[in-house]
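**Q** File follows, work-v2.cif with mmCIF, C-alpha atoms:
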data_structure
#
loop_
_atom_site.group_PDB
_atom_site.id
_atom_site.type_symbol
_atom_site.label_atom_id
_atom_site.label_comp_id
_atom_site.auth_asym_id
_atom_site.auth_seq_id
_atom_site.Cartn_x
_atom_site.Cartn_y
_atom_site.Cartn_z
ATOM 1 C CA MET A 156 10.948 11.003 2.967
ATOM 2 C CA LEU A 157 11.107 12.504 -0.516
ATOM 3 C CA SER A 158 14.037 11.482 -2.679
ATOM 4 C CA ALA A 159 16.104 14.112 -4.476
ATOM 5 C CA GLN A 160 14.304 13.248 -7.704
ATOM 6 C CA GLU A 161 10.894 13.595 -6.038
ATOM 7 C CA ARG A 162 11.858 16.970 -4.584
ATOM 8 C CA ALA A 163 12.838 18.117 -8.057
ATOM 9 C CA GLN A 164 9.438 17.004 -9.364
ATOM 10 C CA VAL A 165 7.651 18.875 -6.568
ATOM 11 C CA ALA A 166 9.675 22.024 -7.262
ATOM 12 C CA GLN A 167 9.043 21.714 -10.995
ATOM 13 C CA VAL A 168 5.286 21.541 -10.488
ATOM 14 C CA TRP A 169 5.374 24.413 -8.006
ATOM 15 C CA ASP A 170 7.153 26.605 -10.561
ATOM 16 C CA LEU A 171 4.065 26.253 -12.721
ATOM 17 C CA ILE A 172 1.713 27.229 -9.881
ATOM 18 C CA ALA A 173 3.750 30.047 -8.320
ATOM 19 C CA GLY A 174 2.239 33.426 -9.122
ATOM 20 C CA HIS A 175 -1.149 31.822 -9.771
ATOM 21 C CA GLU A 176 -1.942 30.674 -6.250
ATOM 22 C CA ALA A 177 -5.339 32.383 -6.197
ATOM 23 C CA ALA A 178 -6.552 30.891 -9.481
ATOM 24 C CA PHE A 179 -5.314 27.391 -8.688
ATOM 25 C CA GLY A 180 -6.646 27.618 -5.125
ATOM 26 C CA ALA A 181 -10.050 28.817 -6.250
ATOM 27 C CA GLU A 182 -10.377 26.010 -8.772
ATOM 28 C CA LEU A 183 -9.208 23.515 -6.149
ATOM 29 C CA LEU A 184 -11.902 24.647 -3.727
ATOM 30 C CA LEU A 185 -14.582 24.768 -6.415
ATOM 31 C CA ARG A 186 -13.792 21.176 -7.409
ATOM 32 C CA LEU A 187 -13.694 20.087 -3.777
ATOM 33 C CA PHE A 188 -17.101 21.600 -3.030
ATOM 34 C CA THR A 189 -18.653 20.359 -6.301
ATOM 35 C CA VAL A 190 -17.354 16.801 -6.136
ATOM 36 C CA TYR A 191 -17.469 16.333 -2.367
ATOM 37 C CA PRO A 192 -20.244 18.607 -1.047
ATOM 38 C CA SER A 193 -19.807 17.430 2.556
ATOM 39 C CA THR A 194 -16.485 19.314 2.644
ATOM 40 C CA LYS A 195 -18.427 22.582 2.561
ATOM 41 C CA THR A 196 -19.290 21.966 6.220
ATOM 42 C CA TYR A 197 -15.775 23.115 7.074
ATOM 43 C CA PHE A 198 -16.199 26.436 5.304
ATOM 44 C CA PRO A 199 -19.352 28.016 6.752
ATOM 45 C CA HIS A 200 -17.750 31.431 6.400
ATOM 46 C CA LEU A 201 -17.692 30.941 2.647
ATOM 47 C CA GLY A 202 -21.463 30.862 2.613
ATOM 48 C CA SER A 203 -23.717 28.145 1.191
ATOM 49 C CA CYS A 204 -22.607 29.154 -2.272
ATOM 50 C CA ALA A 205 -19.173 30.745 -2.209
ATOM 51 C CA ASP A 206 -18.672 33.557 -4.696
ATOM 52 C CA LYS A 207 -15.639 33.915 -6.906
ATOM 53 C CA ALA A 208 -13.910 36.519 -4.709
ATOM 54 C CA GLN A 209 -14.199 34.326 -1.621
ATOM 55 C CA LEU A 210 -12.874 31.271 -3.447
ATOM 56 C CA LEU A 211 -9.942 33.266 -4.837
ATOM 57 C CA SER A 212 -9.109 34.721 -1.429
ATOM 58 C CA HIS A 213 -9.285 31.486 0.508
ATOM 59 C CA GLY A 214 -7.810 29.487 -2.346
ATOM 60 C CA ARG A 215 -4.785 31.772 -2.411
ATOM 61 C CA ARG A 216 -4.281 31.358 1.331
ATOM 62 C CA MET A 217 -4.320 27.570 1.009
ATOM 63 C CA LEU A 218 -1.955 27.491 -1.961
ATOM 64 C CA GLU A 219 0.429 29.921 -0.280
ATOM 65 C CA ALA A 220 0.616 27.459 2.607
ATOM 66 C CA VAL A 221 1.421 24.709 0.093
ATOM 67 C CA GLY A 222 4.152 27.009 -1.214
ATOM 68 C CA VAL A 223 5.597 27.269 2.300
ATOM 69 C CA ALA A 224 5.640 23.489 2.468
ATOM 70 C CA VAL A 225 7.448 23.299 -0.892
ATOM 71 C CA GLN A 226 10.154 25.681 0.394
ATOM 72 C CA HIS A 227 10.667 23.596 3.550
ATOM 73 C CA LEU A 228 10.600 19.993 2.379
ATOM 74 C CA ASP A 229 13.410 19.261 4.856
ATOM 75 C CA ASN A 230 11.462 20.488 7.819
ATOM 76 C CA LEU A 231 7.729 20.364 7.226
ATOM 77 C CA ARG A 232 6.892 20.060 10.919
ATOM 78 C CA ALA A 233 8.594 23.290 11.913
ATOM 79 C CA ALA A 234 7.392 25.207 8.858
ATOM 80 C CA LEU A 235 3.776 24.083 9.254
ATOM 81 C CA ARG A 236 3.583 24.182 13.051
ATOM 82 C CA PRO A 237 1.151 27.119 13.226
ATOM 83 C CA LEU A 238 -1.109 25.440 10.677
ATOM 84 C CA ALA A 239 -0.867 22.097 12.483
ATOM 85 C CA ASP A 240 -1.920 23.831 15.711
ATOM 86 C CA LEU A 241 -4.771 25.576 13.909
ATOM 87 C CA HIS A 242 -6.066 22.318 12.430
ATOM 88 C CA ALA A 243 -5.772 20.447 15.747
ATOM 89 C CA GLN A 244 -7.285 23.091 18.003
ATOM 90 C CA VAL A 245 -9.649 25.102 15.853
ATOM 91 C CA LEU A 246 -10.445 23.637 12.453
ATOM 92 C CA ARG A 247 -10.415 19.947 13.402
ATOM 93 C CA VAL A 248 -11.030 18.801 9.837
ATOM 94 C CA ASP A 249 -11.653 15.059 9.890
ATOM 95 C CA PRO A 250 -8.525 13.406 8.479
ATOM 96 C CA SER A 251 -10.598 11.516 5.896
ATOM 97 C CA ASN A 252 -11.062 14.794 4.016
ATOM 98 C CA PHE A 253 -7.413 15.332 3.135
ATOM 99 C CA PRO A 254 -7.348 12.560 0.482
ATOM 100 C CA LEU A 255 -10.395 14.235 -1.096
ATOM 101 C CA LEU A 256 -8.532 17.547 -1.317
ATOM 102 C CA ILE A 257 -5.447 15.757 -2.655
ATOM 103 C CA GLN A 258 -7.504 14.065 -5.383
ATOM 104 C CA CYS A 259 -8.920 17.437 -6.452
ATOM 105 C CA PHE A 260 -5.408 18.904 -6.420
ATOM 106 C CA GLN A 261 -4.219 16.139 -8.765
ATOM 107 C CA VAL A 262 -7.170 16.806 -11.075
ATOM 108 C CA VAL A 263 -6.389 20.544 -11.164
ATOM 109 C CA LEU A 264 -2.760 19.770 -12.027
ATOM 110 C CA ALA A 265 -3.711 17.159 -14.623
ATOM 111 C CA SER A 266 -6.257 19.383 -16.356
ATOM 112 C CA HIS A 267 -3.880 22.359 -16.511
ATOM 113 C CA LEU A 268 -0.613 20.590 -17.319
ATOM 114 C CA GLN A 269 -2.087 17.781 -19.474
ATOM 115 C CA ASP A 270 0.771 16.177 -21.439
ATOM 116 C CA GLU A 271 3.297 17.813 -19.120
ATOM 117 C CA PHE A 272 1.719 16.080 -16.119
ATOM 118 C CA THR A 273 4.034 13.097 -16.071
ATOM 119 C CA VAL A 274 3.486 10.031 -13.919
ATOM 120 C CA GLU A 275 6.618 10.981 -11.941
ATOM 121 C CA MET A 276 5.054 14.359 -11.123
ATOM 122 C CA GLN A 277 1.795 12.726 -10.090
ATOM 123 C CA ALA A 278 3.602 10.259 -7.830
ATOM 124 C CA ALA A 279 5.870 12.875 -6.217
ATOM 125 C CA TRP A 280 3.054 15.359 -5.723
ATOM 126 C CA ASP A 281 0.768 12.724 -4.189
ATOM 127 C CA LYS A 282 3.527 11.676 -1.797
ATOM 128 C CA PHE A 283 4.314 15.305 -0.913
ATOM 129 C CA LEU A 284 0.689 16.345 -0.275
ATOM 130 C CA THR A 285 0.067 13.195 1.761
ATOM 131 C CA GLY A 286 3.086 14.137 3.871
ATOM 132 C CA VAL A 287 1.663 17.635 4.397
ATOM 133 C CA ALA A 288 -1.676 16.131 5.459
ATOM 134 C CA VAL A 289 0.097 13.894 7.974
ATOM 135 C CA VAL A 290 1.824 16.921 9.532
ATOM 136 C CA LEU A 291 -1.404 18.920 9.645
ATOM 137 C CA THR A 292 -3.294 16.156 11.453
ATOM 138 C CA GLU A 293 -0.651 14.620 13.700
ATOM 139 C CA LYS A 294 -1.391 16.840 16.701
ATOM 140 C CA TYR A 295 -5.074 15.883 16.662
ATOM 141 C CA ARG A 296 -4.542 13.573 19.652
ATOM 142 C CA MET B 957 -28.137 2.400 -5.044
ATOM 143 C CA VAL B 958 -26.450 5.322 -6.753
ATOM 144 C CA HIS B 959 -28.634 7.434 -9.033
ATOM 145 C CA PHE B 960 -27.399 9.443 -11.998
ATOM 146 C CA SER B 961 -29.338 12.446 -13.233
ATOM 147 C CA ALA B 962 -29.982 12.951 -16.932
ATOM 148 C CA GLU B 963 -27.360 15.718 -16.962
ATOM 149 C CA GLU B 964 -24.772 13.496 -15.297
ATOM 150 C CA LYS B 965 -25.427 10.679 -17.764
ATOM 151 C CA ALA B 966 -25.138 13.110 -20.669
ATOM 152 C CA ALA B 967 -21.829 14.504 -19.368
ATOM 153 C CA ILE B 968 -20.480 11.005 -18.799
ATOM 154 C CA THR B 969 -21.401 9.563 -22.199
ATOM 155 C CA SER B 970 -20.394 12.619 -24.211
ATOM 156 C CA LEU B 971 -16.893 12.638 -22.726
ATOM 157 C CA TRP B 972 -16.485 8.863 -22.850
ATOM 158 C CA GLY B 973 -17.226 8.888 -26.573
ATOM 159 C CA LYS B 974 -13.980 10.813 -27.036
ATOM 160 C CA VAL B 975 -11.827 8.500 -24.911
ATOM 161 C CA ASN B 976 -9.392 6.009 -26.459
ATOM 162 C CA VAL B 977 -10.297 3.209 -24.076
ATOM 163 C CA GLU B 978 -7.238 1.110 -24.866
ATOM 164 C CA ASP B 979 -4.760 3.957 -24.234
ATOM 165 C CA ALA B 980 -6.586 5.286 -21.193
ATOM 166 C CA GLY B 981 -6.707 1.824 -19.633
ATOM 167 C CA GLY B 982 -2.971 1.287 -19.919
ATOM 168 C CA GLU B 983 -2.306 4.829 -18.708
ATOM 169 C CA ALA B 984 -4.571 4.448 -15.671
ATOM 170 C CA LEU B 985 -3.243 1.053 -14.631
ATOM 171 C CA GLY B 986 0.351 2.167 -15.177
ATOM 172 C CA ARG B 987 -0.117 5.292 -13.091
ATOM 173 C CA LEU B 988 -1.795 3.258 -10.345
ATOM 174 C CA LEU B 989 1.215 0.931 -10.143
ATOM 175 C CA ILE B 990 3.633 3.855 -9.909
ATOM 176 C CA VAL B 991 1.770 6.344 -7.707
ATOM 177 C CA TYR B 992 0.649 3.574 -5.331
ATOM 178 C CA PRO B 993 3.431 1.011 -5.742
ATOM 179 C CA TRP B 994 1.980 -1.421 -3.219
ATOM 180 C CA THR B 995 -0.668 -2.206 -5.822
ATOM 181 C CA GLN B 996 2.060 -4.045 -7.726
ATOM 182 C CA ARG B 997 1.446 -6.915 -5.313
ATOM 183 C CA PHE B 998 -1.212 -8.276 -7.669
ATOM 184 C CA PHE B 999 1.015 -8.282 -10.713
ATOM 185 C CA ASP B 1000 4.101 -10.387 -9.891
ATOM 186 C CA SER B 1001 3.784 -12.143 -13.235
ATOM 187 C CA PHE B 1002 3.896 -8.916 -15.253
ATOM 188 C CA GLY B 1003 7.674 -8.723 -15.502
ATOM 189 C CA ASP B 1004 9.636 -5.497 -15.172
ATOM 190 C CA LEU B 1005 7.832 -2.922 -13.028
ATOM 191 C CA SER B 1006 11.008 -1.460 -11.544
ATOM 192 C CA THR B 1007 10.836 2.076 -12.977
ATOM 193 C CA PRO B 1008 8.082 4.390 -14.202
ATOM 194 C CA ASP B 1009 9.310 3.942 -17.779
ATOM 195 C CA ALA B 1010 9.295 0.154 -17.391
ATOM 196 C CA VAL B 1011 5.741 0.191 -16.043
ATOM 197 C CA MET B 1012 4.303 2.585 -18.632
ATOM 198 C CA SER B 1013 5.842 0.618 -21.530
ATOM 199 C CA ASN B 1014 5.075 -2.823 -20.110
ATOM 200 C CA ALA B 1015 2.967 -4.778 -22.624
ATOM 201 C CA LYS B 1016 1.135 -6.779 -19.951
ATOM 202 C CA VAL B 1017 0.212 -3.583 -18.102
ATOM 203 C CA LYS B 1018 -1.202 -2.095 -21.288
ATOM 204 C CA ALA B 1019 -3.115 -5.264 -22.145
ATOM 205 C CA HIS B 1020 -4.565 -5.588 -18.689
ATOM 206 C CA GLY B 1021 -5.396 -1.894 -18.512
ATOM 207 C CA LYS B 1022 -7.305 -2.239 -21.764
ATOM 208 C CA LYS B 1023 -9.217 -5.226 -20.388
ATOM 209 C CA VAL B 1024 -10.119 -3.393 -17.189
ATOM 210 C CA LEU B 1025 -11.266 -0.262 -18.964
ATOM 211 C CA ASN B 1026 -13.324 -2.184 -21.533
ATOM 212 C CA SER B 1027 -15.127 -3.700 -18.605
ATOM 213 C CA PHE B 1028 -15.585 -0.265 -17.044
ATOM 214 C CA SER B 1029 -16.956 0.891 -20.388
ATOM 215 C CA ASP B 1030 -19.645 -1.797 -20.177
ATOM 216 C CA GLY B 1031 -20.583 -0.392 -16.805
ATOM 217 C CA LEU B 1032 -21.098 3.040 -18.322
ATOM 218 C CA LYS B 1033 -23.820 1.557 -20.527
ATOM 219 C CA ASN B 1034 -25.604 0.290 -17.425
ATOM 220 C CA LEU B 1035 -25.348 3.134 -14.948
ATOM 221 C CA ASP B 1036 -28.726 2.201 -13.474
ATOM 222 C CA ASN B 1037 -27.596 -1.304 -12.619
ATOM 223 C CA LEU B 1038 -23.911 -1.240 -11.736
ATOM 224 C CA LYS B 1039 -24.284 -3.916 -9.052
ATOM 225 C CA GLY B 1040 -25.884 -6.340 -11.487
ATOM 226 C CA THR B 1041 -23.395 -5.524 -14.236
ATOM 227 C CA PHE B 1042 -20.366 -6.190 -12.030
ATOM 228 C CA ALA B 1043 -21.742 -9.049 -9.899
ATOM 229 C CA LYS B 1044 -19.699 -11.780 -11.571
ATOM 230 C CA LEU B 1045 -16.542 -9.662 -11.589
ATOM 231 C CA SER B 1046 -17.098 -8.894 -7.929
ATOM 232 C CA GLU B 1047 -17.151 -12.588 -7.082
ATOM 233 C CA LEU B 1048 -14.019 -13.118 -9.163
ATOM 234 C CA HIS B 1049 -12.101 -10.309 -7.436
ATOM 235 C CA CYS B 1050 -13.079 -11.677 -4.027
ATOM 236 C CA ASP B 1051 -12.815 -15.424 -4.472
ATOM 237 C CA LYS B 1052 -10.049 -15.828 -7.033
ATOM 238 C CA LEU B 1053 -8.054 -12.594 -7.187
ATOM 239 C CA HIS B 1054 -8.282 -11.631 -3.473
ATOM 240 C CA VAL B 1055 -8.153 -7.914 -4.216
ATOM 241 C CA ASP B 1056 -8.816 -5.480 -1.362
ATOM 242 C CA PRO B 1057 -11.727 -3.298 -2.602
ATOM 243 C CA GLU B 1058 -9.758 -0.231 -1.532
ATOM 244 C CA ASN B 1059 -7.800 -0.773 -4.733
ATOM 245 C CA PHE B 1060 -10.916 -0.133 -6.840
ATOM 246 C CA LYS B 1061 -11.173 3.324 -5.282
ATOM 247 C CA LEU B 1062 -7.507 4.040 -5.977
ATOM 248 C CA LEU B 1063 -7.809 2.984 -9.619
ATOM 249 C CA GLY B 1064 -11.002 5.018 -9.984
ATOM 250 C CA ASN B 1065 -9.247 8.143 -8.720
ATOM 251 C CA VAL B 1066 -6.293 7.588 -11.028
ATOM 252 C CA LEU B 1067 -8.692 7.130 -13.962
ATOM 253 C CA VAL B 1068 -10.303 10.489 -13.146
ATOM 254 C CA CYS B 1069 -6.819 12.088 -13.232
ATOM 255 C CA VAL B 1070 -6.130 10.447 -16.610
ATOM 256 C CA LEU B 1071 -9.391 11.883 -17.960
ATOM 257 C CA ALA B 1072 -8.529 15.330 -16.564
ATOM 258 C CA ARG B 1073 -5.153 15.129 -18.265
ATOM 259 C CA HIS B 1074 -6.748 14.152 -21.549
ATOM 260 C CA PHE B 1075 -9.584 16.655 -21.565
ATOM 261 C CA GLY B 1076 -7.946 19.647 -19.855
ATOM 262 C CA ARG B 1077 -10.358 22.533 -19.245
ATOM 263 C CA GLU B 1078 -13.209 20.498 -20.741
ATOM 264 C CA PHE B 1079 -12.997 18.327 -17.604
ATOM 265 C CA THR B 1080 -14.988 20.825 -15.561
ATOM 266 C CA PRO B 1081 -15.809 20.451 -11.852
ATOM 267 C CA LEU B 1082 -19.237 19.103 -12.872
ATOM 268 C CA ALA B 1083 -17.659 16.577 -15.249
ATOM 269 C CA GLN B 1084 -15.283 15.530 -12.477
ATOM 270 C CA ALA B 1085 -18.197 15.192 -10.053
ATOM 271 C CA ALA B 1086 -20.071 12.951 -12.491
ATOM 272 C CA TYR B 1087 -17.047 10.737 -13.086
ATOM 273 C CA GLN B 1088 -16.078 10.525 -9.408
ATOM 274 C CA LYS B 1089 -19.643 9.336 -8.846
ATOM 275 C CA VAL B 1090 -19.270 6.712 -11.587
ATOM 276 C CA VAL B 1091 -15.948 5.364 -10.321
ATOM 277 C CA ALA B 1092 -17.300 5.254 -6.768
ATOM 278 C CA GLY B 1093 -20.367 3.376 -8.032
ATOM 279 C CA VAL B 1094 -18.240 0.886 -9.948
ATOM 280 C CA ALA B 1095 -15.940 0.402 -6.938
ATOM 281 C CA ASN B 1096 -18.950 -0.283 -4.712
ATOM 282 C CA ALA B 1097 -20.430 -2.676 -7.276
ATOM 283 C CA LEU B 1098 -17.138 -4.577 -7.465
ATOM 284 C CA ALA B 1099 -17.052 -4.848 -3.688
ATOM 285 C CA HIS B 1100 -20.710 -5.760 -3.363
ATOM 286 C CA LYS B 1101 -20.347 -9.573 -3.588
ATOM 287 C CA TYR B 1102 -17.444 -9.798 -1.148
ATOM 288 C CA HIS B 1103 -17.967 -12.184 1.712
#
Would you mind writing the file's structure down as structure tokens?

**A**
Amino acid sequence: MLSAQERAQVAQVWDLIAGHEAAFGAELLLRLFTVYPSTKTYFPHLGSCADKAQLLSHGRRMLEAVGVAVQHLDNLRAALRPLADLHAQVLRVDPSNFPLLIQCFQVVLASHLQDEFTVEMQAAWDKFLTGVAVVLTEKYR
Amino acid sequence: MVHFSAEEKAAITSLWGKVNVEDAGGEALGRLLIVYPWTQRFFDSFGDLSTPDAVMSNAKVKAHGKKVLNSFSDGLKNLDNLKGTFAKLSELHCDKLHVDPENFKLLGNVLVCVLARHFGREFTPLAQAAYQKVVAGVANALAHKYH
């Protein structure tokens, strides 16, 4: 699905995130909850107003999963199977929410990387995250 | 009808004052055409859109992006009446241009990314929230006269 060039773009962006999963993840969640408040309904355990420690902890978990996806671009289904099962059987996040998360992810990348956030990176990353969302929701029914 | 608080309006206008509308327009339209290549369907007459470099340097893309964003800029001066402001453009996009309103949402999201890229940390979650609300409002206003 991803060309060699797109994979290189994905890896290049990931190199900038790796080691900072918690910070990126926390900002991602904060943007998601601020911009799209209805998404908070999926995180009742984070409380009505998640504190910084909770956002960092859960944010890191989410970004580490993205990291797993980056390492297994050739076999997303196998690598993400436990997460796909979790989303289908337990979390059941309505698929319409994934584009909201992806938009916030792009904004986090854009605001951190600025001039370095090329259009090729944006395109590859959007395609990659959309592919991850497809895998996470394809066992829903 | 979407309502903007005083704080949201302040955040929106203060940031917009620092935007180079011409550059941002070309950037947003160019990125739309590359990240979501099916949107190129509306621009057969624009010439070479075959590579990211071709798109981003295409003079017609830049000119049209500028036109679109100038129009968006007008909307920002009329946040309390987006539907009225964009009524004529809505009819045009439906009757003459035949543009699926989904495309307005895509362009709006790309514009938010362009702003984030430009402003960096200054584009806080609250600033993003205000601008996502604006682009959603404009997209709805542009779709409002569809029939």

**Q** Quick check on the file I pasted: which residues fall under the PyMOL selection byres ((chain B) within 8 of (chain A))? Write them as number ranges by chain.

**A** B: 987, 990-992, 1008, 1065, 1068-1070, 1072-1077, 1079, 1081-1082, 1084-1086, 1088

**Q** Could you tell me, as an MDAnalysis selection string, exactly which residues end up selected when the PyMOL selection byres ((chain A and resi 201) around 12) is applied to this structure?

**A** chainID A and resid 181 184:185 188 194:200 202:214

**Q** Could you give me the centre and size, in Å to one decimal, of an axis-aligned box around all listed atoms of segment 196-209 of chain A with 5 Å added on every side, as JSON?

**A**
{"center_x": -18.8, "center_y": 29.2, "center_z": 0.1, "size_x": 19.8, "size_y": 24.6, "size_z": 24.0}

**Q** Within 12 Å of (-9.0, 15.4, 6.8) in the file's own coordinates, which protein, DNA or RNA residues have an atom, counting all atoms listed in the file? List them as a PyMOL selection string.

**A** chain A and resi 193-194+197+239+242-243+246-257+285+287-293+295

**Q** What is the distance between atom CA of Asp1009 of chain B and atom CA of Gly982 of chain B, in Å to one decimal?

**A**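 Between atom CA of Asp1009 of chain B and atom CA of Gly982 of chain B the gap works out to 12.7 Å.
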
**Q** Give me, please, the distance in Å between atom CA of Lys1039 of chain B and atom CA of Asn1096 of chain B, quoted to one decimal.

**A**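 So the two atoms, atom CA of Lys1039 of chain B and atom CA of Asn1096 of chain B, lie 7.8 Å apart.
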
**Q** Using only C-alpha atoms, list the residues that have an atom at most 12 Å from (1.8, -0.1, -6.5), coordinates as in the file, as a PyMOL selection string.

**A** (chain A and resi 278) or (chain B and resi 985-1000+1005-1008+1011+1059+1062-1063)

**Q** Separation of atom CA of Gly973 of chain B and atom CA of Asp1036 of chain B, in Å?

**A**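 Separation of atom CA of Gly973 of chain B and atom CA of Asp1036 of chain B: 18.7 Å.
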
**Q** Using the chain letters and numbering of this document, enumerate as a list of chain:residue names the residues selected by the PyMOL selection byres ((chain B and resi 957) around 9).

**A**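 With the PyMOL selection byres ((chain B and resi 957) around 9) on this model, the match is B:Val958, B:His959, B:Asp1036, B:Asn1037, B:Leu1038, B:Lys1039, B:Gly1093.
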
**Q** Give the answer as one residue: which of B:Thr1041, B:Glu1078, B:Ser970, B:Leu1098 has the shortest atom-to-atom distance to Phe1060 of chain B, using all atoms listed in the file?

**A**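 The answer is B:Leu1098, which sits nearest to Phe1060 of chain B.
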
**Q** Since the input is missing atoms for segment 1032-1039 of chain B, could you rebuild it with all heavy atoms and give the result as a JSON list (two decimals), keeping the file's coordinate frame?

**A**
[["chain", "number", "residue", "atom", "x", "y", "z"],
["B", 1032, "LEU", "N", -20.56, 1.73, -17.97],
["B", 1032, "LEU", "CA", -21.10, 3.04, -18.32],
["B", 1032, "LEU", "C", -22.39, 2.91, -19.12],
["B", 1032, "LEU", "O", -23.19, 3.84, -19.18],
["B", 1032, "LEU", "CB", -20.07, 3.85, -19.11],
["B", 1032, "LEU", "CG", -18.83, 4.29, -18.35],
["B", 1032, "LEU", "CD1", -17.99, 5.23, -19.19],
["B", 1032, "LEU", "CD2", -19.21, 5.00, -17.06],
["B", 1033, "LYS", "N", -22.59, 1.75, -19.76],
["B", 1033, "LYS", "CA", -23.82, 1.56, -20.53],
["B", 1033, "LYS", "C", -24.95, 1.10, -19.61],
["B", 1033, "LYS", "O", -26.10, 0.99, -20.05],
["B", 1033, "LYS", "CB", -23.60, 0.50, -21.62],
["B", 1033, "LYS", "CG", -22.55, 0.90, -22.64],
["B", 1033, "LYS", "CD", -22.22, -0.24, -23.61],
["B", 1033, "LYS", "CE", -20.97, 0.08, -24.41],
["B", 1033, "LYS", "NZ", -20.23, -1.13, -24.80],
["B", 1034, "ASN", "N", -24.61, 0.81, -18.37],
["B", 1034, "ASN", "CA", -25.60, 0.29, -17.42],
["B", 1034, "ASN", "C", -25.54, 1.01, -16.09],
["B", 1034, "ASN", "O", -25.51, 0.39, -15.04],
["B", 1034, "ASN", "CB", -25.36, -1.21, -17.17],
["B", 1034, "ASN", "CG", -25.62, -2.03, -18.41],
["B", 1034, "ASN", "OD1", -26.77, -2.24, -18.79],
["B", 1034, "ASN", "ND2", -24.56, -2.48, -19.04],
["B", 1035, "LEU", "N", -25.52, 2.34, -16.16],
["B", 1035, "LEU", "CA", -25.35, 3.13, -14.95],
["B", 1035, "LEU", "C", -26.45, 2.89, -13.93],
["B", 1035, "LEU", "O", -26.27, 3.10, -12.74],
["B", 1035, "LEU", "CB", -25.27, 4.62, -15.29],
["B", 1035, "LEU", "CG", -23.97, 5.07, -15.97],
["B", 1035, "LEU", "CD1", -24.09, 6.53, -16.43],
["B", 1035, "LEU", "CD2", -22.79, 4.91, -15.03],
["B", 1036, "ASP", "N", -27.62, 2.44, -14.40],
["B", 1036, "ASP", "CA", -28.73, 2.20, -13.47],
["B", 1036, "ASP", "C", -28.65, 0.83, -12.82],
["B", 1036, "ASP", "O", -29.47, 0.53, -11.94],
["B", 1036, "ASP", "CB", -30.07, 2.34, -14.22],
["B", 1036, "ASP", "CG", -30.31, 3.78, -14.61],
["B", 1036, "ASP", "OD1", -29.90, 4.68, -13.85],
["B", 1036, "ASP", "OD2", -30.90, 4.02, -15.68],
["B", 1037, "ASN", "N", -27.71, 0.02, -13.22],
["B", 1037, "ASN", "CA", -27.60, -1.30, -12.62],
["B", 1037, "ASN", "C", -26.13, -1.73, -12.55],
["B", 1037, "ASN", "O", -25.72, -2.75, -13.11],
["B", 1037, "ASN", "CB", -28.40, -2.34, -13.41],
["B", 1037, "ASN", "CG", -28.37, -3.70, -12.74],
["B", 1037, "ASN", "OD1", -28.11, -3.81, -11.55],
["B", 1037, "ASN", "ND2", -28.60, -4.75, -13.52],
["B", 1038, "LEU", "N", -25.34, -0.93, -11.84],
["B", 1038, "LEU", "CA", -23.91, -1.24, -11.74],
["B", 1038, "LEU", "C", -23.69, -2.53, -10.94],
["B", 1038, "LEU", "O", -22.85, -3.35, -11.30],
["B", 1038, "LEU", "CB", -23.17, -0.07, -11.08],
["B", 1038, "LEU", "CG", -23.04, 1.19, -11.94],
["B", 1038, "LEU", "CD1", -22.42, 2.33, -11.13],
["B", 1038, "LEU", "CD2", -22.23, 0.92, -13.20],
["B", 1039, "LYS", "N", -24.49, -2.72, -9.88],
["B", 1039, "LYS", "CA", -24.28, -3.92, -9.05],
["B", 1039, "LYS", "C", -24.52, -5.19, -9.85],
["B", 1039, "LYS", "O", -23.77, -6.16, -9.75],
["B", 1039, "LYS", "CB", -25.19, -3.86, -7.82],
["B", 1039, "LYS", "CG", -24.74, -2.81, -6.81],
["B", 1039, "LYS", "CD", -25.33, -3.02, -5.41],
["B", 1039, "LYS", "CE", -24.61, -2.18, -4.38],
["B", 1039, "LYS", "NZ", -25.08, -0.77, -4.33]]
